[in-house]
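Trainee: entry.pdb (PDB, C-alpha atoms) pasted underneath:
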```pdb
ATOM      1  CA  MET X   1      -5.095  31.077   5.357
ATOM      2  CA  SER X   2      -2.340  29.433   7.348
ATOM      3  CA  ALA X   3      -3.169  26.664   9.768
ATOM      4  CA  THR X   4      -0.764  28.326  12.205
ATOM      5  CA  THR X   5      -3.139  31.263  12.660
ATOM      6  CA  SER X   6      -6.267  31.360  14.828
ATOM      7  CA  GLY X   7      -8.448  30.641  11.790
ATOM      8  CA  PRO X   8      -9.855  27.219  10.878
ATOM      9  CA  ALA X   9      -7.455  24.604   9.599
ATOM     10  CA  PRO X  10      -7.694  23.881   5.861
ATOM     11  CA  LEU X  11      -8.858  20.683   4.196
ATOM     12  CA  LEU X  12      -7.182  19.150   1.149
ATOM     13  CA  ILE X  13      -9.305  16.681  -0.830
ATOM     14  CA  ALA X  14      -7.221  14.743  -3.350
ATOM     15  CA  CYS X  15      -8.411  12.695  -6.319
ATOM     16  CA  ALA X  16      -6.793  11.448  -9.536
ATOM     17  CA  LEU X  17      -9.239  11.526 -12.438
ATOM     18  CA  GLY X  18     -10.886  14.409 -14.213
ATOM     19  CA  ILE X  19     -14.355  12.924 -13.657
ATOM     20  CA  GLU X  20     -13.635  12.611  -9.916
ATOM     21  CA  HIS X  21     -12.410  16.191  -9.772
ATOM     22  CA  LEU X  22     -15.509  17.421 -11.603
ATOM     23  CA  ALA X  23     -17.788  15.579  -9.190
ATOM     24  CA  LEU X  24     -16.066  17.117  -6.175
ATOM     25  CA  ARG X  25     -15.921  20.604  -7.680
ATOM     26  CA  SER X  26     -19.628  20.509  -8.552
ATOM     27  CA  GLY X  27     -20.815  19.286  -5.146
ATOM     28  CA  ASP X  28     -22.391  21.428  -2.443
ATOM     29  CA  ARG X  29     -19.650  23.364  -0.625
ATOM     30  CA  THR X  30     -21.876  25.209   1.848
ATOM     31  CA  GLY X  31     -21.062  22.967   4.806
ATOM     32  CA  ALA X  32     -17.300  23.483   4.760
ATOM     33  CA  GLY X  33     -15.826  24.270   8.177
ATOM     34  CA  GLY X  34     -12.715  25.953   6.782
ATOM     35  CA  PRO X  35     -10.796  26.548   3.551
ATOM     36  CA  VAL X  36     -11.129  23.623   1.124
ATOM     37  CA  THR X  37      -8.758  22.758  -1.724
ATOM     38  CA  VAL X  38      -9.712  20.068  -4.241
ATOM     39  CA  LEU X  39      -6.583  18.713  -5.919
ATOM     40  CA  ARG X  40      -6.416  16.559  -9.028
ATOM     41  CA  THR X  41      -3.156  14.665  -8.620
ATOM     42  CA  GLY X  42      -3.134  12.696 -11.855
ATOM     43  CA  MET X  43      -3.117   8.910 -12.097
ATOM     44  CA  GLY X  44      -0.748   6.630 -10.264
ATOM     45  CA  PRO X  45       1.196   6.684  -7.006
ATOM     46  CA  LYS X  46       4.115   8.715  -8.319
ATOM     47  CA  ALA X  47       1.836  11.454  -9.642
ATOM     48  CA  ALA X  48      -0.014  11.515  -6.315
ATOM     49  CA  GLU X  49       3.226  11.777  -4.353
ATOM     50  CA  ARG X  50       4.510  14.654  -6.490
ATOM     51  CA  SER X  51       1.272  16.620  -6.434
ATOM     52  CA  VAL X  52       0.537  16.239  -2.734
ATOM     53  CA  THR X  53       4.103  17.025  -1.664
ATOM     54  CA  ARG X  54       4.147  20.138  -3.869
ATOM     55  CA  VAL X  55       0.785  21.478  -2.718
ATOM     56  CA  LEU X  56       1.430  20.900   0.978
ATOM     57  CA  ALA X  57       4.642  22.924   0.728
ATOM     58  CA  ASP X  58       2.396  25.990   0.500
ATOM     59  CA  PRO X  59       2.379  27.689   3.949
ATOM     60  CA  ALA X  60      -1.366  28.239   3.538
ATOM     61  CA  LEU X  61      -1.842  24.462   3.746
ATOM     62  CA  ARG X  62       0.509  23.819   6.630
ATOM     63  CA  GLY X  63      -1.193  21.355   8.969
ATOM     64  CA  ALA X  64      -4.061  20.760   6.538
ATOM     65  CA  ALA X  65      -6.174  17.650   6.969
ATOM     66  CA  VAL X  66      -5.900  15.428   3.890
ATOM     67  CA  LEU X  67      -8.624  13.170   2.518
ATOM     68  CA  ALA X  68      -8.015  10.937  -0.498
ATOM     69  CA  THR X  69     -11.084  10.026  -2.512
ATOM     70  CA  GLY X  70     -12.362   8.878  -5.887
ATOM     71  CA  PHE X  71     -13.101   5.448  -7.331
ATOM     72  CA  CYS X  72     -11.668   2.053  -6.390
ATOM     73  CA  ALA X  73     -11.881  -1.664  -7.062
ATOM     74  CA  GLY X  74     -13.534  -3.764  -4.393
ATOM     75  CA  LEU X  75     -11.816  -7.022  -3.467
ATOM     76  CA  ALA X  76     -14.326  -8.820  -1.275
ATOM     77  CA  PRO X  77     -17.128 -11.025  -2.610
ATOM     78  CA  GLY X  78     -20.499  -9.321  -2.332
ATOM     79  CA  MET X  79     -19.218  -5.823  -3.024
ATOM     80  CA  HIS X  80     -21.174  -3.850  -5.608
ATOM     81  CA  PRO X  81     -20.629  -0.711  -7.690
ATOM     82  CA  GLY X  82     -21.781   2.268  -5.666
ATOM     83  CA  ASP X  83     -20.661   0.775  -2.337
ATOM     84  CA  LEU X  84     -18.371   2.949  -0.232
ATOM     85  CA  VAL X  85     -15.009   2.082   1.300
ATOM     86  CA  VAL X  86     -13.694   3.915   4.357
ATOM     87  CA  ALA X  87     -10.067   3.028   4.972
ATOM     88  CA  GLU X  88      -8.938   2.126   8.461
ATOM     89  CA  GLU X  89      -5.427   2.336   7.039
ATOM     90  CA  THR X  90      -3.784   2.580   3.645
ATOM     91  CA  ARG X  91      -0.983   0.251   2.557
ATOM     92  CA  ASP X  92       1.575   0.055  -0.206
ATOM     93  CA  PRO X  93       5.156  -1.248  -0.507
ATOM     94  CA  HIS X  94       6.447   2.010   1.010
ATOM     95  CA  GLY X  95       4.485   1.846   4.247
ATOM     96  CA  THR X  96       1.206   1.807   6.148
ATOM     97  CA  THR X  97      -0.675   4.963   7.145
ATOM     98  CA  PRO X  98      -3.358   4.831   9.865
ATOM     99  CA  CYS X  99      -6.498   6.844   9.136
ATOM    100  CA  VAL X 100      -8.272   9.184  11.536
ATOM    101  CA  GLY X 101     -11.979   9.364  12.328
ATOM    102  CA  THR X 102     -13.127   6.219  10.523
ATOM    103  CA  ASP X 103     -16.229   5.746  12.697
ATOM    104  CA  LEU X 104     -17.269   9.362  12.222
ATOM    105  CA  LEU X 105     -16.875   9.096   8.458
ATOM    106  CA  VAL X 106     -18.990   5.947   8.335
ATOM    107  CA  ARG X 107     -21.761   7.614  10.339
ATOM    108  CA  GLU X 108     -21.760  10.725   8.160
ATOM    109  CA  LEU X 109     -21.607   8.758   4.902
ATOM    110  CA  VAL X 110     -24.664   6.742   5.905
ATOM    111  CA  ARG X 111     -26.427  10.043   6.480
ATOM    112  CA  ALA X 112     -25.197  11.635   3.244
ATOM    113  CA  VAL X 113     -26.044   8.703   0.956
ATOM    114  CA  PRO X 114     -28.752   6.585   2.601
ATOM    115  CA  GLY X 115     -28.996   3.058   1.288
ATOM    116  CA  ARG X 116     -25.366   2.733   0.247
ATOM    117  CA  THR X 117     -23.337  -0.036   1.853
ATOM    118  CA  VAL X 118     -20.219   1.212   3.658
ATOM    119  CA  HIS X 119     -17.237  -1.126   4.084
ATOM    120  CA  THR X 120     -14.319  -0.474   6.433
ATOM    121  CA  GLY X 121     -10.880  -2.037   6.427
ATOM    122  CA  PRO X 122      -7.419  -1.702   4.908
ATOM    123  CA  LEU X 123      -7.145  -0.032   1.489
ATOM    124  CA  THR X 124      -4.214  -1.165  -0.642
ATOM    125  CA  GLY X 125      -2.294   0.896  -3.186
ATOM    126  CA  SER X 126      -1.176  -0.429  -6.568
ATOM    127  CA  ASP X 127       0.758   1.050  -9.482
ATOM    128  CA  HIS X 128      -1.498  -0.683 -12.029
ATOM    129  CA  VAL X 129      -5.074  -1.839 -12.550
ATOM    130  CA  VAL X 130      -5.633  -4.997 -10.519
ATOM    131  CA  ARG X 131      -7.418  -7.902 -12.199
ATOM    132  CA  GLY X 132      -7.786 -11.666 -11.993
ATOM    133  CA  HIS X 133      -5.790 -13.550  -9.401
ATOM    134  CA  GLU X 134      -4.295 -10.327  -8.012
ATOM    135  CA  ARG X 135      -7.674  -9.550  -6.466
ATOM    136  CA  SER X 136      -7.702 -12.743  -4.407
ATOM    137  CA  ASP X 137      -4.029 -12.302  -3.508
ATOM    138  CA  LEU X 138      -4.705  -8.828  -2.109
ATOM    139  CA  LEU X 139      -7.877  -9.983  -0.351
ATOM    140  CA  ALA X 140      -5.807 -12.659   1.387
ATOM    141  CA  THR X 141      -3.692  -9.901   2.964
ATOM    142  CA  GLY X 142      -6.800  -8.489   4.652
ATOM    143  CA  SER X 143      -7.361  -5.574   2.289
ATOM    144  CA  ILE X 144     -10.922  -4.916   1.161
ATOM    145  CA  ALA X 145     -10.253  -2.590  -1.793
ATOM    146  CA  VAL X 146      -7.487  -1.267  -4.016
ATOM    147  CA  ASP X 147      -6.758   1.953  -5.880
ATOM    148  CA  MET X 148      -3.693   3.638  -7.320
ATOM    149  CA  GLU X 149      -3.392   6.866  -5.334
ATOM    150  CA  SER X 150      -4.779   6.770  -1.780
ATOM    151  CA  ALA X 151      -1.824   5.095  -0.082
ATOM    152  CA  SER X 152       0.698   7.349  -1.792
ATOM    153  CA  THR X 153      -1.410  10.440  -1.061
ATOM    154  CA  LEU X 154      -1.683   9.775   2.659
ATOM    155  CA  LEU X 155       1.894   8.603   3.115
ATOM    156  CA  SER X 156       3.184  11.697   1.319
ATOM    157  CA  ALA X 157       0.944  13.923   3.429
ATOM    158  CA  VAL X 158       2.194  12.624   6.779
ATOM    159  CA  ARG X 159       5.794  12.733   5.582
ATOM    160  CA  VAL X 160       5.437  16.452   4.971
ATOM    161  CA  GLY X 161       4.077  17.034   8.470
ATOM    162  CA  VAL X 162       1.854  15.667  11.229
ATOM    163  CA  ARG X 163      -1.798  15.925  10.184
ATOM    164  CA  PRO X 164      -5.059  13.947  10.214
ATOM    165  CA  VAL X 165      -5.614  11.841   7.095
ATOM    166  CA  ALA X 166      -8.402   9.654   5.732
ATOM    167  CA  ALA X 167      -9.467   7.875   2.561
ATOM    168  CA  VAL X 168     -12.985   7.288   1.221
ATOM    169  CA  ARG X 169     -13.572   5.541  -2.103
ATOM    170  CA  VAL X 170     -16.571   4.648  -4.272
ATOM    171  CA  VAL X 171     -16.498   1.094  -5.632
ATOM    172  CA  VAL X 172     -16.804   0.987  -9.428
ATOM    173  CA  ASP X 173     -15.223  -2.417  -9.982
ATOM    174  CA  ALA X 174     -15.910  -5.539  -7.918
ATOM    175  CA  PRO X 175     -15.277  -9.280  -8.279
ATOM    176  CA  GLU X 176     -18.751 -10.023  -9.630
ATOM    177  CA  HIS X 177     -19.107  -6.681 -11.410
ATOM    178  CA  GLU X 178     -15.926  -6.168 -13.412
ATOM    179  CA  LEU X 179     -15.525  -2.721 -14.943
ATOM    180  CA  VAL X 180     -15.161  -2.536 -18.709
ATOM    181  CA  ARG X 181     -14.397   1.167 -18.838
ATOM    182  CA  ILE X 182     -14.625   4.065 -16.380
ATOM    183  CA  GLY X 183     -17.831   5.379 -17.993
ATOM    184  CA  THR X 184     -19.679   2.084 -17.425
ATOM    185  CA  VAL X 185     -20.926   1.275 -13.930
ATOM    186  CA  ARG X 186     -22.999  -1.868 -13.628
ATOM    187  CA  GLY X 187     -26.539  -1.778 -12.286
ATOM    188  CA  GLY X 188     -27.245   1.742 -13.504
ATOM    189  CA  ILE X 189     -25.359   3.339 -10.611
ATOM    190  CA  SER X 190     -23.704   6.676 -11.301
ATOM    191  CA  ALA X 191     -20.428   6.759  -9.374
ATOM    192  CA  PHE X 192     -20.134  10.423 -10.295
ATOM    193  CA  ARG X 193     -23.329  11.291  -8.433
ATOM    194  CA  VAL X 194     -22.381   9.162  -5.454
ATOM    195  CA  LEU X 195     -18.992  10.850  -5.158
ATOM    196  CA  ARG X 196     -20.503  14.320  -5.457
ATOM    197  CA  ALA X 197     -22.942  13.525  -2.634
ATOM    198  CA  LEU X 198     -20.129  12.680  -0.206
ATOM    199  CA  LEU X 199     -18.924  16.237   0.396
ATOM    200  CA  PRO X 200     -21.156  16.869   3.456
ATOM    201  CA  ALA X 201     -19.645  13.807   5.144
ATOM    202  CA  PHE X 202     -16.135  15.015   4.344
ATOM    203  CA  PHE X 203     -16.925  18.424   5.817
ATOM    204  CA  GLU X 204     -18.349  16.898   9.014
ATOM    205  CA  TRP X 205     -15.176  14.841   9.397
ATOM    206  CA  HIS X 206     -13.113  17.980   8.917
ATOM    207  CA  ARG X 207     -15.195  19.993  11.395
ATOM    208  CA  SER X 208     -14.636  17.335  14.041
ATOM    209  CA  LEU X 209     -10.905  18.004  13.692
ATOM    210  CA  LEU X 210     -11.292  21.727  14.270
ATOM    211  CA  LEU X 211     -12.066  21.351  17.973
ATOM    212  CA  PRO X 212      -9.444  23.056  20.168
ATOM    213  CA  ARG X 213      -6.441  20.838  20.753
ATOM    214  CA  ARG X 214      -5.167  20.334  24.315
TER     215      ARG X 214
END
```
Would you put the structure from the file into structure tokens?
Mentor:
Amino acid sequence: MSATTSGPAPLLIACALGIEHLALRSGDRTGAGGPVTVLRTGMGPKAAERSVTRVLADPALRGAAVLATGFCAGLAPGMHPGDLVVAEETRDPHGTTPCVGTDLLVRELVRAVPGRTVHTGPLTGSDHVVRGHERSDLLATGSIAVDMESASTLLSAVRVGVRPVAAVRVVVDAPEHELVRIGTVRGGISAFRVLRALLPAFFEWHRSLLLPRR
């Protein structure tokens, strides 16, 4: 359905990994306020840029809201696996993209996954896995977390056309809880289950955007 019709605007949820895509595809879709597309972009900023640009060229997704999600590395001391990051903006060497509806997302995430800590702030993009001193270097810029696709996803989305964008990530790697491999999350937390539980919050964010525009 085209966003230029009288029907509800679509929502594009973008992630990179197969396990992220599976979590989102297996979550409860009943609360969606309009057509929802879950896109697996592939890993890295270039893959995200290609996939998002290609998909948003479809007239059915014209004007679609775009939400980048999946896993991330926390940068700030005290972050733990299973914490959530809501980006106020995404950053990478190609530009900064402001996010829409951060406060609403935080409120709905607290409701969707009670007991999880939600962090807000800038989310930085990288073209590689960040470790060691790079963490503290990025933290010094004001960023609270880093991943490889969110910044590229949102920047590509707004370059295609004006639209609301947001990014929500689940922390799987933090300064005191370094990730060994993607299947190992310290403290017995299943990032897969956390990510799957976030869909109602994403849908509430999307519904808030469907109010008539003046």
Trainee: Mind giving me the straight-line distance from atom CA of X:Thr96 to atom CA of X:Val158 in Å, one decimal?
Mentor: 10.9 Å
Trainee: Between atom CA of X:Leu75 and atom CA of X:Arg163, what is the distance, to one decimal in Å?
Mentor: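 So the answer is 28.5 Å.
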Trainee: Just give me the residues with any atom within 12 Å of (-0.1, -3.5, 2.9), file coordinates, counting only C-alpha atoms, written as a list in words.
Mentor: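 Residues with an atom close enough to that point: Glu88, Glu89, Thr90, Arg91, Asp92, Pro93, His94, Gly95, Thr96, Thr97, Pro98, Gly121, Pro122, Leu123, Thr124, Gly125, Ser126, Asp137, Leu138, Leu139, Ala140, Thr141, Gly142, Ser143, Ile144, Ala145, Val146, Ala151 and Ser152 of chain X.
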Trainee: I'd like to know which of X:Asp28, X:Asp83, X:Asp173, X:Glu49 is closest to X:Thr117, using all atoms listed in the file.
Mentor: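 Distance minimum relative to X:Thr117 lands on X:Asp83.
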Trainee: For X:Ser136, which of X:Gly63, X:Pro200, X:Gly34, X:Pro77 is the closest residue, counting all atoms listed in the file?
Mentor: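 Closest residue, counting all atoms listed in the file: X:Pro77.
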Trainee: Please identify all polymer residues within 12 Å of X:Ser26, counting only C-alpha atoms, omitting same-chain residues fewer than 2 positions from it, and present them as a PyMOL selection string.
Mentor: chain X and resi 19-24+28-30+38+192-193+195-199
Trainee: Reconstruct N, CA and C atoms of stretch 88-121 of chain X from the incomplete input and present them as a PDB file, in the coordinates of the input.
Mentor:
```
ATOM      1  N   GLU X  88      -9.475   2.069   7.109  1.00  0.00           N
ATOM      2  CA  GLU X  88      -8.938   2.126   8.461  1.00  0.00           C
ATOM      3  C   GLU X  88      -7.444   2.436   8.416  1.00  0.00           C
ATOM      4  N   GLU X  89      -6.818   2.012   7.323  1.00  0.00           N
ATOM      5  CA  GLU X  89      -5.427   2.336   7.039  1.00  0.00           C
ATOM      6  C   GLU X  89      -5.208   2.151   5.547  1.00  0.00           C
ATOM      7  N   THR X  90      -4.188   2.820   5.028  1.00  0.00           N
ATOM      8  CA  THR X  90      -3.784   2.580   3.645  1.00  0.00           C
ATOM      9  C   THR X  90      -2.425   1.897   3.649  1.00  0.00           C
ATOM     10  N   ARG X  91      -2.208   1.045   2.629  1.00  0.00           N
ATOM     11  CA  ARG X  91      -0.983   0.251   2.557  1.00  0.00           C
ATOM     12  C   ARG X  91      -0.418   0.287   1.148  1.00  0.00           C
ATOM     13  N   ASP X  92       0.889   0.320   1.055  1.00  0.00           N
ATOM     14  CA  ASP X  92       1.575   0.055  -0.206  1.00  0.00           C
ATOM     15  C   ASP X  92       2.983  -0.404   0.139  1.00  0.00           C
ATOM     16  N   PRO X  93       3.822  -0.741  -0.841  1.00  0.00           N
ATOM     17  CA  PRO X  93       5.156  -1.248  -0.507  1.00  0.00           C
ATOM     18  C   PRO X  93       6.025  -0.269   0.281  1.00  0.00           C
ATOM     19  N   HIS X  94       5.627   1.012   0.320  1.00  0.00           N
ATOM     20  CA  HIS X  94       6.447   2.010   1.010  1.00  0.00           C
ATOM     21  C   HIS X  94       6.026   2.237   2.450  1.00  0.00           C
ATOM     22  N   GLY X  95       4.883   1.681   2.857  1.00  0.00           N
ATOM     23  CA  GLY X  95       4.485   1.846   4.247  1.00  0.00           C
ATOM     24  C   GLY X  95       2.986   1.785   4.455  1.00  0.00           C
ATOM     25  N   THR X  96       2.606   1.838   5.725  1.00  0.00           N
ATOM     26  CA  THR X  96       1.206   1.807   6.148  1.00  0.00           C
ATOM     27  C   THR X  96       0.883   3.110   6.865  1.00  0.00           C
ATOM     28  N   THR X  97      -0.260   3.702   6.539  1.00  0.00           N
ATOM     29  CA  THR X  97      -0.675   4.963   7.145  1.00  0.00           C
ATOM     30  C   THR X  97      -2.018   4.784   7.830  1.00  0.00           C
ATOM     31  N   PRO X  98      -2.078   4.929   9.160  1.00  0.00           N
ATOM     32  CA  PRO X  98      -3.358   4.831   9.865  1.00  0.00           C
ATOM     33  C   PRO X  98      -4.247   6.029   9.523  1.00  0.00           C
ATOM     34  N   CYS X  99      -5.541   5.780   9.426  1.00  0.00           N
ATOM     35  CA  CYS X  99      -6.498   6.844   9.136  1.00  0.00           C
ATOM     36  C   CYS X  99      -7.173   7.321  10.417  1.00  0.00           C
ATOM     37  N   VAL X 100      -7.677   8.529  10.374  1.00  0.00           N
ATOM     38  CA  VAL X 100      -8.272   9.184  11.536  1.00  0.00           C
ATOM     39  C   VAL X 100      -9.777   9.337  11.324  1.00  0.00           C
ATOM     40  N   GLY X 101     -10.546   9.071  12.372  1.00  0.00           N
ATOM     41  CA  GLY X 101     -11.979   9.364  12.328  1.00  0.00           C
ATOM     42  C   GLY X 101     -12.796   8.441  11.456  1.00  0.00           C
ATOM     43  N   THR X 102     -12.408   7.164  11.373  1.00  0.00           N
ATOM     44  CA  THR X 102     -13.127   6.219  10.523  1.00  0.00           C
ATOM     45  C   THR X 102     -14.592   6.084  10.932  1.00  0.00           C
ATOM     46  N   ASP X 103     -14.859   5.923  12.228  1.00  0.00           N
ATOM     47  CA  ASP X 103     -16.229   5.746  12.697  1.00  0.00           C
ATOM     48  C   ASP X 103     -17.093   6.957  12.375  1.00  0.00           C
ATOM     49  N   LEU X 104     -16.533   8.146  12.547  1.00  0.00           N
ATOM     50  CA  LEU X 104     -17.269   9.362  12.222  1.00  0.00           C
ATOM     51  C   LEU X 104     -17.597   9.420  10.734  1.00  0.00           C
ATOM     52  N   LEU X 105     -16.638   9.086   9.897  1.00  0.00           N
ATOM     53  CA  LEU X 105     -16.875   9.096   8.458  1.00  0.00           C
ATOM     54  C   LEU X 105     -17.975   8.118   8.068  1.00  0.00           C
ATOM     55  N   VAL X 106     -17.946   6.927   8.642  1.00  0.00           N
ATOM     56  CA  VAL X 106     -18.990   5.947   8.335  1.00  0.00           C
ATOM     57  C   VAL X 106     -20.357   6.505   8.701  1.00  0.00           C
ATOM     58  N   ARG X 107     -20.478   7.058   9.885  1.00  0.00           N
ATOM     59  CA  ARG X 107     -21.761   7.614  10.339  1.00  0.00           C
ATOM     60  C   ARG X 107     -22.253   8.721   9.410  1.00  0.00           C
ATOM     61  N   GLU X 108     -21.357   9.603   9.011  1.00  0.00           N
ATOM     62  CA  GLU X 108     -21.760  10.725   8.160  1.00  0.00           C
ATOM     63  C   GLU X 108     -22.041  10.281   6.729  1.00  0.00           C
ATOM     64  N   LEU X 109     -21.339   9.270   6.247  1.00  0.00           N
ATOM     65  CA  LEU X 109     -21.607   8.758   4.902  1.00  0.00           C
ATOM     66  C   LEU X 109     -22.981   8.105   4.830  1.00  0.00           C
ATOM     67  N   VAL X 110     -23.337   7.361   5.857  1.00  0.00           N
ATOM     68  CA  VAL X 110     -24.664   6.742   5.905  1.00  0.00           C
ATOM     69  C   VAL X 110     -25.739   7.823   5.854  1.00  0.00           C
ATOM     70  N   ARG X 111     -25.472   8.938   6.496  1.00  0.00           N
ATOM     71  CA  ARG X 111     -26.427  10.043   6.480  1.00  0.00           C
ATOM     72  C   ARG X 111     -26.442  10.748   5.122  1.00  0.00           C
ATOM     73  N   ALA X 112     -25.287  10.889   4.507  1.00  0.00           N
ATOM     74  CA  ALA X 112     -25.197  11.635   3.244  1.00  0.00           C
ATOM     75  C   ALA X 112     -25.766  10.851   2.073  1.00  0.00           C
ATOM     76  N   VAL X 113     -25.567   9.546   2.063  1.00  0.00           N
ATOM     77  CA  VAL X 113     -26.044   8.703   0.956  1.00  0.00           C
ATOM     78  C   VAL X 113     -26.777   7.491   1.515  1.00  0.00           C
ATOM     79  N   PRO X 114     -27.996   7.687   2.001  1.00  0.00           N
ATOM     80  CA  PRO X 114     -28.752   6.585   2.601  1.00  0.00           C
ATOM     81  C   PRO X 114     -28.922   5.431   1.615  1.00  0.00           C
ATOM     82  N   GLY X 115     -28.809   4.237   2.120  1.00  0.00           N
ATOM     83  CA  GLY X 115     -28.996   3.058   1.288  1.00  0.00           C
ATOM     84  C   GLY X 115     -27.729   2.491   0.707  1.00  0.00           C
ATOM     85  N   ARG X 116     -26.642   3.246   0.746  1.00  0.00           N
ATOM     86  CA  ARG X 116     -25.366   2.733   0.247  1.00  0.00           C
ATOM     87  C   ARG X 116     -24.679   1.896   1.327  1.00  0.00           C
ATOM     88  N   THR X 117     -24.088   0.797   0.924  1.00  0.00           N
ATOM     89  CA  THR X 117     -23.337  -0.036   1.853  1.00  0.00           C
ATOM     90  C   THR X 117     -21.950   0.565   2.057  1.00  0.00           C
ATOM     91  N   VAL X 118     -21.527   0.657   3.320  1.00  0.00           N
ATOM     92  CA  VAL X 118     -20.219   1.212   3.658  1.00  0.00           C
ATOM     93  C   VAL X 118     -19.348   0.105   4.237  1.00  0.00           C
ATOM     94  N   HIS X 119     -18.193  -0.121   3.632  1.00  0.00           N
ATOM     95  CA  HIS X 119     -17.237  -1.126   4.084  1.00  0.00           C
ATOM     96  C   HIS X 119     -16.048  -0.427   4.743  1.00  0.00           C
ATOM     97  N   THR X 120     -15.525  -1.011   5.796  1.00  0.00           N
ATOM     98  CA  THR X 120     -14.319  -0.474   6.433  1.00  0.00           C
ATOM     99  C   THR X 120     -13.249  -1.553   6.487  1.00  0.00           C
ATOM    100  N   GLY X 121     -12.003  -1.120   6.374  1.00  0.00           N
ATOM    101  CA  GLY X 121     -10.880  -2.037   6.427  1.00  0.00           C
ATOM    102  C   GLY X 121      -9.677  -1.440   5.744  1.00  0.00           C
TER     103      GLY X 121
END
```
